[in-house]
Each structure stands twice: as structure tokens, then as C-alpha cells.
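Take a look at the structure set out below.
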Amino acid sequence: MNNNFLNIGILTWMTFIPVVGMIAVLLVPKEQKTTIRWISLGATIVQLIFSVIIYTNFDRSLAGVNNAATMQFVERYSWIDIKSVEWFGRIHIEYFLGIDGISVPMVLLTALISFVAVLSSWSIEKSIKGYFALLLLLDTGMMGVFVSLDFFLFYVFWEIMLLPMYFLIGIWGGPRREYAAIKFFIYTLFGSVLMLLVLIALYFSVSIPDASTGELVHTFDMIAMMNPANYEANSLLFGLNTSWRYIAYVGLFIGFAIKVPIFPFHTWLPDAHVEAPTAISVILAGVLLKMGTYGLMRVAMPIFPDAAIYYLYPLAFLGFINIVYGALCAMAQTDFKKLIAYSSVSHMGIVLLGMAALNTQGMIGAMFQMFNHGTITAMLFLIVGVIYDRTHTRGLNDFGGLMNQMPKYSAIMVIAFFAALGLPGLSGFVSEVFSFLGAFQTFRWITIASTLGIVLTAGYMLWTLQRVFLGELPEKWKSLTDINNRELIMLVPLAIIVILLGVYPTPILDLMNASANELVDFIKGENNLTILGQ
Amino acid sequence: MTETLFLQFATAILFIPLISFLVLIFFGKKLSDKSAIVGSGLIGSTLLLSLIIFFSKINYFHNQTFEYTFTWVDFGYYDSKINLGIMIDNMTAIMLVVVTLVSFLVHLFSISYMKGDIRYSRYFAFLGIFSFSMLGIVLADNFFMIYVFWELVGLSSYLLIGHWYEKTSAANASKKAFIVNRVGDVGMFTGIMILWSTFGTLDFEKIFSLMSLGVIPFESTVWLTAAGLLIFCGAVGKSAQFPLHVWLPDAMEGPTPVSALIHAATMVAAGVYLIARVFPIFTADALIVIAYIGAITAFVSATIAIAQYDIKKVLAYSTVSQLGYMVMSLGVGGFTSGFFHLVTHAAFKAGLFLGSGSVIFAMHHVLHHHNDHHTDPQDIRNMGGLKNKMPITFWTFLIFTLAISGVPLTSGFLSKDDILAGTLAFSDLTGHTIIPIIAFTVAGMTAFYMFRVLILTFMGSHADSHRIDGIHESPWQMTTPLIIFAALSLFFFYSPNPTNASEGWFYSAVVRPETAVPENVSASSIESFEEAVHHNHGKAITLSLLIAGLGILISFATYYWKKISADKILNMFPKTFKFLNMKWYFDELYDKTVVWFTMTTAKVLAWFDFKIIDGLVNGTASVTKSTAFGSGKFDNVVVDGIVNLTAYTFGFFGLIIRTIQTGKVQTYLAFAIVGALMIFFFFN
């Protein structure tokens, strides 16, 4: 396996290439706008090339999840090691990177979306140097979250990503950007605090023998946290099905739920989307939301499988709420971006439902839905961005009849819209169907109720399509131009992926199959499943 | 022909229309008028292949089923897989010909009909993707694949109905069609979820065989019935059955040849085909529900058809009514007759739509020529007397009308008669007498309203004598399909005996499959049903002839000889007429209930989200902020105040004390003396 490049691990490259780009951007005088843009694009292209290497070299048969030996592209070094602190013991934080089937699709998605985001930022003129530097830093933060296996490192990347996001919305956003940025920041930080508390509790509960001396050392190693044998007797989180473990799970859950976002923690999303510039909306919907569900799969559920099963029913129910509530709220919107934002709430509900099913189809459906939602919603936000660039309005009722005026644009839009409403032949359908097929076996009635979302989604999507693209073209839009080549370059690859994976999903399903099955088995195997009623 | 060749041909039939779509979508602009030739040529080749499959299958491989399945997605867990695959049995072979033939003739018809349209090539591209989706349904060998193509048919119908999307009504109609169909599809999907969680596979054959071994959903026959009915929901949507029939009449906003293709012969027949395909999973209870849904649909839409003036609307409701007939037939157990009616109906109804297209085409041209933009070219009250001007259209239209009315020597007589015998048999076996009563009533109504259209359109005198001279027969590309369909509406293609279909090839090719459900919940057996049908055959023929004859007679008496005044009857029952003319107010009812409820809920929830949920978030923020402000104030006023007060106090006394610290020895001396005196005074 080609694990190294110039003696540096490939995951490190993936993660820090954007930082290299950022430094380069900072060194360029701010007048040279084109150079800055191309440096940023170059960094993301290199990242994309590395992700292709990962895709081709990834061993599909290894499961990972709770087994460090079957993690791939692993890099593990001691990062911070303070040998002895009087009342604290030894502090040992590792630089521990590795990926398995849960993270690979997200890594690929992050590289892809970052590339698209840079392209869609081409028309940014305001403080361009700062903008691209922050965008690249954001890229590093996201990538870091998906490749970290040390909980502390994971947390660091999680927090790193907040900062550029705050400024990108707060400086380059719309009229209410400051409100939206602060809301996003504080909301996420609130979740982070809960996560931090659980992180500390876990640290003091888990210990593993040191490799050289054999003495027991506390650790932030996520994989070690998944093994009940590593919990010190009488520590806070020792045992199974204890109330402290339930509380810790809920703490983590809320931290991640805010990111997804799960009802009722979702109201930061429409504001953030509406105010954020297009590229940031694309990243937000395309990657950031997935960090929430990824956190649940990577951290919360396998570390607390007992609690995960205990709270399975509420999880499925929240999935249902997200699906139906999100769809209904979307239906009532007149702002194009807000509508797509609420549709994200609805579509992420499908991930929750599939995850809660705790079986193969459900888990694969959920993971695949994360990937597909990333590409489809990115397309939708780009589509809004294209039209907003030209008209400076997002009011759904201001448009009409664009189909004839902008035929290429409309063709792409038709693909994105039908993918979002789950039309067969497009990727969204596959993951939606798998999630539902899986969920039905575990939660019969909740799943039946959730199918209401399928009809509602068709309703608001087609209604939107009609309001914007069909009917008569208003006089004021008679001079609109169709999309240019740069916009095509960012939209067409996404469209191709959406179609290819809709017709033949195996290239991505292959990556996650082993891990999804392992994850399900691992969570179920820890416990008796009697709590799992219908 | 070998098995491989069959499957290769079938695969080619499936994908050629897709190629047509792709070519025309990407190169349509360049091809411009040649698009029609490319599209028609490609579909024509699928027709040829279908005919080869059909003849060799029926003649030489009568009892064989050819199947090719491959794994599409492997979950890598307990052998859990989703397969895709095609299968060819006699039903498939027949449907392949029906679909490709109608599609080809509609392509041909459209060459002239759509000439000069702004999206000429795109129209043919969409016909291609429609044919692809429809053929996918026909060839599917499992529930997953049928569901995939089911939805794709929904998409193609959306695209074709909305062909003239600049018109709000067309855009609305296409949206309505898709959403109403989706409601049915979600039911079907729920059924599929039940089957998947029970059987772990979605292949038809595997499910049927497991079910015959006694495996049923959640060990409950109620769930089994529910699964069947949920799958049937898909058919309710696509085949426009009550209560989801409302989309089909609106779908007439699409170009008329489209109506002939998808809203008469193929897409709407998909529902009937689905019921036939999965017939073994229906329990007796499910079949009774299916029969009643079909009967209600047939009756309701026949009453509506009587009160319409738009020629396409009449045909649309007549289609709904006939589809109800087929569904009812399958429900009562008349499997072969229901499917047979699908095939015969496909020919004469496609013919009727194309015939109406030919009339509308002529009317449109003459109105255009006269610069008349007020007269509706589709309103039968503006027509009349077209018989001599458009002889081919008239004579073929007459044959179609005779066929749909069930007059002997036509194909419609064969299939309808057998359906009616089936309903009588059903009533004998189960006691549901209302079913045959509705069936015969609808037969009479159909004959009546179809002749009403024929007479008002072609006979008598034209509504405007200036206009009639400008009306001409349509070109050959349009009349040829009419002649072919007319020929196919005659009996001899299907049976050598004009009074009995069961002697023909069709009845030996398509046989009702054995049920897979447990015996205690299954419908009456094939043998007992067939015996009852045989017993009722004579009765059915006599009654149906009488009733159809009566319907035709009343129609002539009213609209041709004018012995009965239609206006007088209308004036006697104005409310009833309005009720029927307004289609039983289904649209208004749905608007005021389902649509209103959804929109209101959406608005209320959006308000709730904005004011309450987000209000709480902002409230928390502002409470935090005011607390911070308060504590800031407290800090400033109280804590700092105390500090300042202390300082101030000291300062104050300091000030006072300072005044006495004058620095003069005399003052100090005076204080000292006063002090000493006071001490002395107090302690003394």
C-alpha cells in the first residue's frame, strides 16, 4: 500500500496540503488576485489527486471501526506527552490518523467539495487573500475531523474548523451576516463544550498499557475507548448501561446533533445558509452537516453502544421529525436558499433513520445518503448561487420561465432537483431506498410515517421548479446569460457523480460495506437486543 | 431463437429507446427535423425485435420463461442482495408488442402533428425515455426494478405532459400528475418494504415460492392483505383509479399523441400489468377491495364522461372508466379477460386519441386560418359534420367507437363480454351482486357517451358553415396509424370466433397463475371460477348486447334524430349535471382538504420554527445577554459601588478630617486642650 509520499503519510498530506496553500496565499501580495485564486485551486486539486490515490489503494475487505489493525493509511505518533504532572498523572495525546469505510467516503467528499467551493469562489473580490486563506484552513479542519482517531485530535480539528467558518460568514456574508455568524459559532461551541466534558470523562475512565513500559496510561485513543475492557473499574464511565454512560452519550449526541442539525437544534442552519456566500453554503451543506452524523457513527455509537441501543427509538423518532418537519417547513419558504436549507434538514433525517435501523441496509443507506446529500445539496446551493450572482435576489416568486432563457443551467437543475426528490437512476434514490428498507425492519410504524416525506419532497421540489423555471419569463430577466464554463466545470462533475452512482452505486458502496457491517455487528453484539422493540 | 437470443433482443429493446433519448437530447438541435426520423427509426427497430420475440415465443416457446438476473448491490451480509433482471413470459411478449407498436405509431403520427413545435427534437427525446421506462416495467423480474421504472415512467410523463410548460395549466398538470402518482408510489414502496423485511429478496419468483411454502409477512394474514393492497396502491396511482384518478384528465394538457401513448395505451396500463404480474400475492380480501375500487372507478368516471364537452376530456374519463373495468376484472378473478381488455383497449383507445388528434389538428388549422382565437378547437359543440371532410378519420373513429361500446365483430366485444361474464361469476361465488350491476350499467353508459362524441363530431351539420370548407383530412403519417389501429380493433386478430375469445391464441397464452397465499385466505379457485364463467357466458352476451344496443339507441335518439332533447333533461336536473360536469368536485374536495391541510401545516410549522424554536434560541441568547448585562450592571453598581463607596467614605472623612489638619501648631494645641478637657470631663 502506498502509504507514504516523501516520507510523510498520505493522510497528513490530505489534511495539511490546504495549510501549505494557505501559507502560500498569505505570502502573495493582495493585488495578485488571480495568483491567489490559482494557488487555492491548486491546493485543492492536489488534495483531490491524493484522494484518488486513497480511493484506488483502499482495501475494501478491511473493516476498521473498533479494530486499529484494520484501519488503513494509519499514522500514529506521540504528539504531546507530559510524563508526570503531580495530581493528573501522565498526559498523552497522540497524532493518530487512520481511515476505514466510515471515513473514506467523507474524505473523498471533502476533497471534492473543497475543490468545487474554490471554483465557486472565483467571483469573490472582497479581501480575497483573507477569504481564500480561511477557506483553506477550513478545508484542513474538515479533513482532520474525518481522519483523526485520537479523540483529542478530533476535538482540535473540530474546533479549528469553527474559526474560519465564523469569519467567512461574518465578513463575506449577506446583510445579517454578523447575527448568523455569531449564532452558528455559539451554537456549535455550546455543543463542543458538552463534547469536551465527555472527552475528559472518557479520558479519566479509559487506560491502556503503555507500549514500552507496560504501565497503565490514560488515553484519548478512540478505538481503545470502544473496548469495555479498557475502562478502569470504578471509573465514571465504567460498566454498561449505567446512568453516567447514558448521560455521557446524550452529551455527545447533543454536540453532534447541533451539527447535523437535528430538530430542535436546527435553527442556526437556515440563517447561516441564507447569509453565507455560495461557496460557504456549499461546504456547510456538503461537508459540515455530515460531521454530525459522522461523529455519531465514529464516536458516540461505538463508544457507547449500550446507550446507543437504549436511545435507538428516540433517534429513529428524531429522524422522522427531521424528515417530515423539514419537508413541511421547506414547503412554506419563499427564499430559495432557505428552502434548500430546510430540505437539508429533511434529507439528513433519512441518515438518522437509516442509522437507527442498526442493520446492514440501514447503515449503508445512511452512510451513502451522507455522501449523496453532500453532492446533491452542493449542486442545489451552486444553482442558487448562479442565479443569485446574476439577479441578486433569491425570492422564489421573483422568477419564472428560466428554462428557455438558460437551457444548460436548467438541464443541470433538473438533474439536481430530481436527485433531491429521490428519482431512480440518480444517487439520492439509492440511499433513500436503502435507509427506508433497513429502517422498516426495525421501526415499522416510524418508517411508514416517514414515507410521507417522500411525497412532500416531491411536492416542494416540483413546486419550486415550476416557480423558477416554468411558466412565462418575466420581462426583467430577458437579458440573463446562461452558465459559463467555470460554472459548468463545478456543476458537471457533481452531476456526473450523481448519475453514475444512481445507476451503479457499487464504487462507493464497496468502500463502506465491510465497515458498515462491522459497525452494526459491533454495536448490536455488545448488548442483548431485547430493548429493541417494534 | 435461443434463450440467449431472446434475452439479447429484450435487452436491445429496452436500451434502444434510451439511446434515442440520449442522441436526441444531445444532438437534437443539430438534427432538428431529422430528430423525428431518428426517433421513429430506433423505435421501429424495437417494434421489429418485439414482433420476433412475440411470434417465436407464442408459437415455439409457449410454456417457457426466460430470465436473466444479476446482482446490482451486494450488502455483503447474510446473502442480502438487490438484483436487477429481465424476464420474458407470454405476458411480457404481448406487452412488448403493445408498447413498441403504440409507441412507433405515435412517433409516426407526431411527425406531422408536432411539426413546427419549438421543442420538436426534445419531444421525440422524451418519447424515447418514456418508452425506455415503460419497457423496463414490462421486462422487470423483481419488485425493485419495477419500482425503479415505475418512478421513471412518472418522470417521463411529467416531462411530456409539461411539454408546453410556458402554459401555467400545463405546468400545473404535470406537477399534479407526478405528485398524485407519488402518493400511490409511496404506498407501493411501503408494500415493497414489507416484502423485503419478510423475504429478504424482491425477486418475483422467489417471493411467490417462499409464500407458497407458508412464509407470510409478520406471520399475519392481515399484513399479507395489507402488503398486497399497498402494492396495489401503485396501480391506483398509475392506472388512475379512484381516489387517485384526478391527475389523468388534467394530463390532457400534453400534446394529443402523448395522450394516446401514455394516457391511453401504456403508462396507465402499467397499473393493470402490475396487478397481473404480482397476482399470486393477493388474498381474497385484497382482491375484493381491488374489484370494488375498479368498479367505483369505472362508474364514477363514466358518469363524468357523459357531461363533458371537450373531446379529449371525454376520452380521458372513458380511459379511466375502462381501466376501472380491467382492474375490476382482475379483482373478481378474471385474470385473462382483464389483461386481454388491456391489450384490445390499447389499440382502440390509442386510435380514439389519435383520431381526436386528427380532428383537433384540422380544427386548429381552420381556426388559425380564420384568425379565430376564441373558438375552442377541442369542444365537440363546435364540431359536427366532419364525416365527409375527413373520411378516414371518421371511419376509423367509428370502428374504435364500436369496439369500445362492445359491439360484436370487434375486439372490444370479445374482451368486454368476458369481463362481464367474470363479474357474474364472481357474484355467484361470493354474493357481491353490486359488481355485475355496476359493470353492466357502465357498459351501457360507455356506448351512450362514445356515440354522443361520434355523432356530435362527425355527423349532422357543422357548427359554423363558413368553417367546414376549410377542413381537410390529415396527412398520411397521421391516417396510417389510424388505419392500423382500426384493423387491430377487429376480432380476428385475437380469436377465430367473434363471440368467444377463449378459442383464440390469447387465452392459451395468458393463464391465471396459481395463488401463493395460504388456502384459508385465498380467493375461489381457478377451476370453480372458470366453471361459473362458463355458466354465465350466454347470459353475459345477451345482456351486454341488449345494454350496449340500448346505449347506442338512446345516443342516436338524443343527438342524431333529436327525439329526446338533451337540453330539456339538463334543465330538469341542473344540479346533477353541474355535479357531473364538475367531475364530482374531486379536485375542489382535494384542494380544500389535503392540499389545504398540507399547506396550512407547512405555514404553521414554518411560523412555529421561526417564532418558537428559533425564538427560544434567540430568547436564550437574549436572556444570557441581559443576565450578562445585569451582572455587568451589578458589578458596576453594587460590587464596584461598594468599593467606590468605601473609597468615597474614606475620602469623605478624609476631607473632613483634612479640614482640621491645618498644619498650624495653635490649632493642634487648641484641639489638644479641648481633648484633654473632654477626657477629664467624661472620666471624672
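Chain labels follow the order of the C-alpha cells: the first chain is A, the next B, and so on; residue numbering restarts at 1 in every chain, and ligands are counted from 1 in their shown order.
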
Report as a Markdown table the residues of chain A within 8 Å of chain B, each with its shortest atom pair and distance in Å (one decimal), using only C-alpha atoms, ordered by chain and increasing residue number.
```
| residue | atom | partner | partner_atom | distance |
| --- | --- | --- | --- | --- |
| A:Pro264 | CA | B:Ile613 | CA | 6.8 |
| A:Thr267 | CA | B:Asp614 | CA | 5.6 |
| A:Tyr325 | CA | B:Leu605 | CA | 7.5 |
| A:Leu328 | CA | B:Ala602 | CA | 4.5 |
| A:Cys329 | CA | B:Ala606 | CA | 4.8 |
| A:Ala330 | CA | B:Ala602 | CA | 7.8 |
| A:Met331 | CA | B:Ala602 | CA | 6.1 |
| A:Ala332 | CA | B:Lys603 | CA | 5.3 |
| A:Gln333 | CA | B:Ala606 | CA | 7.7 |
| A:Thr360 | CA | B:Phe75 | CA | 6.8 |
| A:Gln361 | CA | B:Phe75 | CA | 7.0 |
| A:Gly401 | CA | B:Glu166 | CA | 6.9 |
| A:Leu423 | CA | B:Glu151 | CA | 6.7 |
| A:Pro424 | CA | B:Val148 | CA | 5.3 |
| A:Gly425 | CA | B:Val148 | CA | 7.7 |
| A:Phe436 | CA | B:Met193 | CA | 7.6 |
| A:Leu437 | CA | B:Met193 | CA | 5.5 |
| A:Phe440 | CA | B:Met193 | CA | 6.5 |
| A:Gln441 | CA | B:Ser197 | CA | 5.5 |
| A:Ile448 | CA | B:Thr190 | CA | 6.7 |
| A:Thr451 | CA | B:Val186 | CA | 6.6 |
| A:Leu452 | CA | B:Val186 | CA | 7.8 |
| A:Ile454 | CA | B:Val186 | CA | 7.2 |
| A:Val455 | CA | B:Arg182 | CA | 6.0 |
| A:Ala458 | CA | B:Ile179 | CA | 6.4 |
| A:Gly459 | CA | B:Ile179 | CA | 6.3 |
| A:Leu462 | CA | B:Lys175 | CA | 6.3 |
| A:Trp463 | CA | B:Lys175 | CA | 7.4 |
| A:Gln466 | CA | B:Ala171 | CA | 6.8 |
| A:Leu470 | CA | B:Tyr165 | CA | 5.7 |
| A:Gly471 | CA | B:Glu166 | CA | 4.0 |
| A:Glu472 | CA | B:Glu166 | CA | 5.4 |
| A:Tyr504 | CA | B:Trp72 | CA | 7.5 |
| A:Pro505 | CA | B:Val73 | CA | 7.5 |
| A:Thr506 | CA | B:Val73 | CA | 6.5 |
| A:Asn513 | CA | B:Phe75 | CA | 6.5 |
| A:Ala514 | CA | B:Gly76 | CA | 7.4 |
| A:Asn517 | CA | B:Tyr77 | CA | 7.1 |
```

Would you please give, as number ranges by chain, all residues of range 255-482 of chain A that DSSP assigns to alpha helix (DSSP H) based on the backbone?
A: 255-259, 268-275, 278-283, 289-295, 301-303, 305-310, 312-331, 336-357, 360-391, 402-405, 407-420, 427-442, 444-450, 452-469

Which distance in Å separates CA of Met87 in chain B and CA of Thr65 in chain B, to one decimal?
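About the pair CA of Met87 in chain B and CA of Thr65 in chain B: they are 6.9 Å apart.
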
Write out as a PyMOL selection string all residues of range 126-268 of chain A that DSSP puts in strand (DSSP E) for this structure's backbone.
chain A and resi 207-209+216-218

What would the file look like if the residues just selected were written as an mmCIF file, in the first residue's frame with C-alpha atoms?
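What landed in again.cif:
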```
data_model
loop_
_atom_site.group_PDB
_atom_site.id
_atom_site.type_symbol
_atom_site.label_atom_id
_atom_site.label_comp_id
_atom_site.auth_asym_id
_atom_site.auth_seq_id
_atom_site.Cartn_x
_atom_site.Cartn_y
_atom_site.Cartn_z
ATOM 1 C CA SER A 207 -6.469 3.486 30.199
ATOM 2 C CA ILE A 208 -4.276 1.198 28.177
ATOM 3 C CA PRO A 209 -0.846 -0.257 28.828
ATOM 4 C CA LEU A 216 -1.454 1.782 32.517
ATOM 5 C CA VAL A 217 -1.799 5.197 30.920
ATOM 6 C CA HIS A 218 -4.906 7.241 30.261
#
```

Shortest interatomic distance to Ala307 in chain A - which of A:Ile523, A:Ile489, A:Met165, A:Ile54, counting only C-alpha atoms:
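Counting only C-alpha atoms, the residue closest to Ala307 in chain A is A:Ile523.
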
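The space between CA of Met134 in chain B and CA of Val153 in chain B spans 6.2 Å.
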
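Candidate residues A:Ile53, A:Leu289, A:Val20, A:Val116 were compared for distance to Glu487 in chain A, and the nearest is A:Val116, using only C-alpha atoms.
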
Go ahead and compute the interatomic distance for CA of Ala487 in chain B and CA of Gly351 in chain B, in Å to one decimal.
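Atom-to-atom, CA of Ala487 in chain B and CA of Gly351 in chain B are spaced 10.2 Å apart.
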
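Near range 119-130 of chain A, within 8 Å and counting only C-alpha atoms, sit A:Val25, A:Leu26, A:Lys30, A:Lys33, A:Ile36, A:Arg37, A:Leu41, A:Trp172, A:Thr278, A:Ala279, A:Leu382, A:Arg486, A:Glu487, A:Met490; same-chain residues fewer than 6 positions away were not included.
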
Which residues are close to range 237-254 of chain A, i.e. within 8 Å by only C-alpha atoms, leaving aside same-chain residues fewer than 2 positions away? Reply as an NGL selection string.
:A and (191 or 194-195 or 198 or 201-202 or 205 or 228 or 231-235 or 256-258 or 296 or 300 or 304 or 306-308)

When you look at Lys57 in chain B with a cut-off of 8 Å (counting only C-alpha atoms), what residues show up, excluding the ones that are within fewer than 3 positions of it in the same chain? I need them as JSON, numbers by chain.
{"B": [53, 54, 60, 61, 62, 89, 90, 93]}

Taking C-alpha atoms for each residue, export the selection above as a PDB file, in the first residue's frame.
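See part-v6.pdb below for the written result:
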```pdb
ATOM      1  CA  ILE B  53     -39.884 -12.238 -29.766  1.00  0.00           C
ATOM      2  CA  PHE B  54     -43.664 -12.326 -29.765  1.00  0.00           C
ATOM      3  CA  TYR B  60     -42.474 -22.193 -30.209  1.00  0.00           C
ATOM      4  CA  PHE B  61     -41.686 -21.476 -26.580  1.00  0.00           C
ATOM      5  CA  HIS B  62     -45.154 -21.312 -25.229  1.00  0.00           C
ATOM      6  CA  ASP B  89     -43.001 -14.884 -20.457  1.00  0.00           C
ATOM      7  CA  ASN B  90     -46.069 -14.680 -22.696  1.00  0.00           C
ATOM      8  CA  ALA B  93     -44.014 -10.790 -25.070  1.00  0.00           C
TER       9      ALA B  93
END
```

Near Ile200 in chain A, counting only C-alpha atoms, which residues have an atom at most 10 Å away, once you skip same-chain residues fewer than 3 positions from it, shown as a PDB file with N, CA and C atoms, in the first residue's frame?
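The file below, around-v2.pdb, is the result:
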```
ATOM      1  N   PHE A 151      -9.260  11.055  20.031  1.00  0.00           N
ATOM      2  CA  PHE A 151     -10.405  11.915  20.315  1.00  0.00           C
ATOM      3  C   PHE A 151      -9.965  13.358  20.537  1.00  0.00           C
ATOM      4  N   PHE A 152      -8.822  13.546  21.180  1.00  0.00           N
ATOM      5  CA  PHE A 152      -8.362  14.916  21.424  1.00  0.00           C
ATOM      6  C   PHE A 152      -8.050  15.624  20.113  1.00  0.00           C
ATOM      7  N   MET A 195     -19.193  18.124  24.374  1.00  0.00           N
ATOM      8  CA  MET A 195     -18.274  17.107  23.872  1.00  0.00           C
ATOM      9  C   MET A 195     -16.999  17.084  24.702  1.00  0.00           C
ATOM     10  N   LEU A 196     -16.520  18.270  25.047  1.00  0.00           N
ATOM     11  CA  LEU A 196     -15.284  18.371  25.819  1.00  0.00           C
ATOM     12  C   LEU A 196     -15.438  17.706  27.181  1.00  0.00           C
ATOM     13  N   LEU A 197     -16.582  17.915  27.807  1.00  0.00           N
ATOM     14  CA  LEU A 197     -16.826  17.310  29.120  1.00  0.00           C
ATOM     15  C   LEU A 197     -16.771  15.787  29.012  1.00  0.00           C
ATOM     16  N   TYR A 203     -11.455  10.242  29.131  1.00  0.00           N
ATOM     17  CA  TYR A 203     -10.013  10.176  29.329  1.00  0.00           C
ATOM     18  C   TYR A 203      -9.677   9.586  30.691  1.00  0.00           C
ATOM     19  N   PHE A 204     -10.407  10.020  31.685  1.00  0.00           N
ATOM     20  CA  PHE A 204     -10.101   9.541  33.030  1.00  0.00           C
ATOM     21  C   PHE A 204     -10.638   8.150  33.294  1.00  0.00           C
ATOM     22  N   SER A 205     -11.521   7.661  32.409  1.00  0.00           N
ATOM     23  CA  SER A 205     -12.059   6.326  32.618  1.00  0.00           C
ATOM     24  C   SER A 205     -11.276   5.250  31.883  1.00  0.00           C
ATOM     25  N   PHE A 220      -6.507   9.082  24.862  1.00  0.00           N
ATOM     26  CA  PHE A 220      -7.596   9.668  24.065  1.00  0.00           C
ATOM     27  C   PHE A 220      -7.897   8.809  22.831  1.00  0.00           C
TER      28      PHE A 220
END
```

Near-range 70-83 of chain A list (10 Å; only C-alpha atoms; drop same-chain fewer than 3 positions) as number ranges by chain
A: 1-4, 8-12, 54, 57-59, 61-67, 86, 89-101, 104, 147-150, 153, 515
